[in-house]
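**Student:** Let me give you the structure first, and then I'll get to my questions.
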Amino acid sequence: MALLEIEDLHVELPGTARPILDGVSLTVSAGEFVALVGESGSGKSVTARAALGLLPPGARTAGHVRVGGTDLLTSDATTLRDIRTATASMIFQDPRASINPVRRVGDFLTESLRRNHGWPRARANARAVELLAAVGLPDPARHLTQYPHELSGGMLQRVMIAGALTVEPELLLCDEPTTALDVTTQAEILAILGRLRRERGLGVLFITHDVDLAAAVADRVYVMYAGRIVETAAAMDLFGRPRHPYTSGLLGSTPQLEGPAIRLTPVPGAPMSLLESAPGCAFAARCHFAEPGTCDETPPTLQPYGPTLAACHRAGELTDLPGAPGSQKGRVT
Ligand SMILES: Nc1ncnc2c1ncn2[C@@H]1O[C@H](COP(=O)(O)OP(=O)(O)OP(=O)(O)O)[C@@H](O)[C@H]1O
Ligand SMILES: [Mg+2]
């Protein structure tokens, strides 16, 4: 059984033209590093928050969101709290926005252990020191007495990861945790997440709009567009041999850090807002390969193409879409 199992999740708000999430299915197993990528507004954060049972107020929902086998959509408040304080934790893009600036790092780290688990202060402090050391902070005991403004962005994001680990979660939801950081710090944070996954068997759902980063760190990748999963595969297959024109476009639009300068080919046009809907494929209006009469009329469903699942009417013919520049082709299908 997967640790996180989202099955055909629909989330709809009144007054919008299309659902925020439209039949999203996604799994994360213990010890697995799964990336969720897509442009702004595609529904990545809503998906991750659903895994904590946090859905937009007033939303109508259908489907299942199971964490450790418990369906959050039908759970009571006590069960949801138990999941959030013992099974699943989340870290966010901007650590400064999610930590109280006038409280010491030590209080932030020990609060849940003391309040929800009844640990005495000394034991909670010892655990906080252990966790700060585990996320690579050099002088953990001293950091306990510091305030957030005394730490750099990278150090503070390590504190947030330590905070997410205090309850020993099985599932870590990371919502663009490295976007605000410089490239070196980003690499260090990713190394920490990778190590935690290996050593503790954490399941990680890693959200990013950077598909190259996703392909480099994740076992599997889901690509989201306008509230739907449009392609999913093992990272190597998705990176080398994308089957959805949107995925291929995303790969071409990410600047490269190394190697020769390449011309960027961003995905043309803008993502679809919640006030717009399309009877067929939501990407058709921006797609170079869209065929009138098919793509703009019938919504495609996820179908297997070799090792990849893609929701594209033309995926069977589009066997040679460009992958990431310089990447090896994925497994031959
Ligand atoms: N609480 C809410 N109330 C109303 N609309 C919401 C709410 N939360 C999200 N939305 C809308 O749902 C859509 C998906 O939002 P979401 O935050 O999941 O996007 P995202 O993929 O995380 O984008 P980004 O890359 O910018 O973080 C957006 O159109 C957003 O405006
Ligand atoms: Mg988001």
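Residues are referred to by chain and number: the chain letter is A, B, ... according to the order shown in the structure tokens, the number counts from 1 in that chain, and ligands are numbered separately from 1 in the order shown.
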Give me, as a PyMOL selection string, the set of residues whose atoms come within 7 Å of any atom of ligand 1, counting only C-alpha atoms and all ligand atoms.
**Tutor:** chain A and resi 13+20+38-47+56-57+209+273-274
**Student:** Using only C-alpha atoms, please write the residues we just selected to a file, as a compact mmCIF listing (two decimals), in the first residue's frame.
**Tutor:**
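Writing done, so here's result17.txt:
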```txt
# COMPACT_ATOMS: atom_id res chain seq x y z
CA LEU A 13 -15.00 26.06 -6.07
CA ILE A 20 -9.11 23.35 -9.41
CA GLY A 38 3.86 22.34 -13.64
CA GLU A 39 3.44 26.05 -14.25
CA SER A 40 1.96 28.49 -11.78
CA GLY A 41 -1.72 27.86 -11.02
CA SER A 42 -1.75 24.25 -12.24
CA GLY A 43 -2.85 22.93 -8.83
CA LYS A 44 0.39 21.66 -7.28
CA SER A 45 -0.03 23.31 -3.88
CA VAL A 46 -3.71 22.38 -3.66
CA THR A 47 -2.71 18.75 -4.29
CA PRO A 56 -9.90 25.46 0.10
CA PRO A 57 -12.86 26.44 2.30
CA HIS A 209 8.11 24.35 -11.37
CA SER A 273 -7.09 30.42 -15.42
CA LEU A 274 -9.91 29.05 -13.28
```
**Student:** What's the 8 Å shell around A:Asp212, counting only C-alpha atoms, without same-chain residues fewer than 4 positions away, as a list in words?
**Tutor:**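 The neighbour list is Ala216, Phe239, Leu251, Thr254 and Ala324 of chain A.
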**Student:** Hey, can you spit out that residue selection with N, CA and C atoms as a PDB file, in the first residue's frame?
**Tutor:**
```pdb
ATOM      1  N   ALA A 216      16.190  15.438 -11.983  1.00  0.00           N
ATOM      2  CA  ALA A 216      17.498  15.113 -11.396  1.00  0.00           C
ATOM      3  C   ALA A 216      17.358  14.475 -10.019  1.00  0.00           C
ATOM      4  N   PHE A 239      12.441  12.540 -18.551  1.00  0.00           N
ATOM      5  CA  PHE A 239      13.497  13.475 -18.893  1.00  0.00           C
ATOM      6  C   PHE A 239      13.982  13.248 -20.327  1.00  0.00           C
ATOM      7  N   LEU A 251      10.605  21.162 -20.496  1.00  0.00           N
ATOM      8  CA  LEU A 251      12.023  20.779 -20.474  1.00  0.00           C
ATOM      9  C   LEU A 251      12.861  21.750 -21.286  1.00  0.00           C
ATOM     10  N   THR A 254      13.678  25.472 -19.476  1.00  0.00           N
ATOM     11  CA  THR A 254      14.425  25.665 -18.237  1.00  0.00           C
ATOM     12  C   THR A 254      15.876  26.027 -18.551  1.00  0.00           C
ATOM     13  N   ALA A 324      15.043  16.808 -22.330  1.00  0.00           N
ATOM     14  CA  ALA A 324      15.930  17.834 -21.778  1.00  0.00           C
ATOM     15  C   ALA A 324      17.183  17.906 -22.639  1.00  0.00           C
TER      16      ALA A 324
END
```
**Student:** Using only C-alpha atoms and all ligand atoms, pick whichever of A:His10, A:Gly58, A:Cys174, A:Pro19 has the shortest atom-to-atom distance to ligand 2.
**Tutor:**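 When distances to ligand 2 are compared using only C-alpha atoms and all ligand atoms, the smallest one comes from A:Cys174.
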**Student:** Would you list the contacts of A:His244 as an NGL selection string, taking every protein, DNA or RNA residue within 7 Å and counting only C-alpha atoms, but skipping same-chain residues closer than 2 positions in sequence?
**Tutor:** :A and (231 or 242 or 246-248 or 310 or 312 or 315)
**Student:** Determine which residues of stretch 118-312 of chain A DSSP labels as helix (DSSP H, G or I) from the backbone of this structure, then write them out as a count of residues only.
**Tutor:** 77
**Student:** As number ranges by chain, please: every residue in stretch 83-197 of chain A that a backbone DSSP assignment puts in strand (DSSP E).
**Tutor:** A: 88-91, 171-175
**Student:** Which residue gives the smallest distance to ligand 2 among A:Gly249, A:Pro177, A:Gly203, A:Gly269, with only C-alpha atoms and all ligand atoms counted?
**Tutor:**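 Looking at the shortest contact to ligand 2, the residue is A:Pro177.
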**Student:** Counting only C-alpha atoms, figure out which residue out of A:Thr166, A:Gln186, A:Ser277, A:Thr16 gets nearest to A:Ala226.
**Tutor:**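 Using only C-alpha atoms, the shortest distance to A:Ala226 belongs to A:Ser277.
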**Student:** I'd like to know which of A:Glu188, A:Glu12, A:Glu317, A:Glu5 is closest to A:Leu275, using only C-alpha atoms.
**Tutor:** A:Glu12
**Student:** List the neighbours of A:Arg314 out to 12 Å using only C-alpha atoms; skip same-chain residues closer than 6 positions along the sequence, and give me the result as a list in words.
**Tutor:**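 The contact residues come out as Arg243, His244, Pro245, Cys281, Ala284, Cys287, His288, Phe289, Ala290, Glu291, Pro292, Thr294, Cys295, Pro300, Thr301, Leu302, Gln303, Tyr305, Asp320 and Leu321 of chain A.
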**Student:** Once you have the residues from the selection above, write them out as an mmCIF file, in the first residue's frame, restricted to C-alpha atoms.
**Tutor:**
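Result written to again11.cif:
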```cif
data_model
loop_
_atom_site.group_PDB
_atom_site.id
_atom_site.type_symbol
_atom_site.label_atom_id
_atom_site.label_comp_id
_atom_site.auth_asym_id
_atom_site.auth_seq_id
_atom_site.Cartn_x
_atom_site.Cartn_y
_atom_site.Cartn_z
ATOM 1 C CA ARG A 243 5.405 11.966 -24.596
ATOM 2 C CA HIS A 244 3.314 15.062 -23.861
ATOM 3 C CA PRO A 245 4.092 18.265 -25.800
ATOM 4 C CA CYS A 281 -7.453 19.045 -23.941
ATOM 5 C CA ALA A 284 -4.723 22.393 -26.978
ATOM 6 C CA CYS A 287 -0.038 23.132 -28.382
ATOM 7 C CA HIS A 288 2.001 23.073 -31.553
ATOM 8 C CA PHE A 289 0.626 19.624 -32.379
ATOM 9 C CA ALA A 290 -3.073 20.128 -31.599
ATOM 10 C CA GLU A 291 -5.444 18.722 -34.200
ATOM 11 C CA PRO A 292 -8.771 20.488 -34.703
ATOM 12 C CA THR A 294 -9.927 15.957 -31.748
ATOM 13 C CA CYS A 295 -7.701 17.810 -29.315
ATOM 14 C CA PRO A 300 -7.590 13.020 -23.406
ATOM 15 C CA THR A 301 -7.138 10.489 -20.600
ATOM 16 C CA LEU A 302 -3.875 9.063 -19.279
ATOM 17 C CA GLN A 303 -2.801 6.127 -21.460
ATOM 18 C CA TYR A 305 3.076 4.672 -23.978
ATOM 19 C CA ASP A 320 10.438 11.811 -30.772
ATOM 20 C CA LEU A 321 9.573 14.956 -28.844
#
```
**Student:** May I have the residues within 12 Å of A:Ile207 as an MDAnalysis selection string, using only C-alpha atoms and disregarding those fewer than 6 positions away in the same chain?
**Tutor:** chainID A and resid 33:40 42:49 90:93 172:179 213:215 217:218 221:224
**Student:** Give me, please, the distance in Å between atom CA of A:Gln157 and atom CA of A:Pro95, quoted to one decimal.
**Tutor:** 5.5 Å
**Student:** Hey, which of A:Gly163, A:Pro299, A:Gly306, A:Pro268 ends up closest to A:Asp237? Count only C-alpha atoms.
**Tutor:** A:Gly306
**Student:** Can you tell me how far atom CA of A:Leu190 sits from atom CA of A:Leu26, in Å to one decimal?
**Tutor:**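 Taking atom CA of A:Leu190 as the start and atom CA of A:Leu26 as the end point, the length is 21.6 Å.
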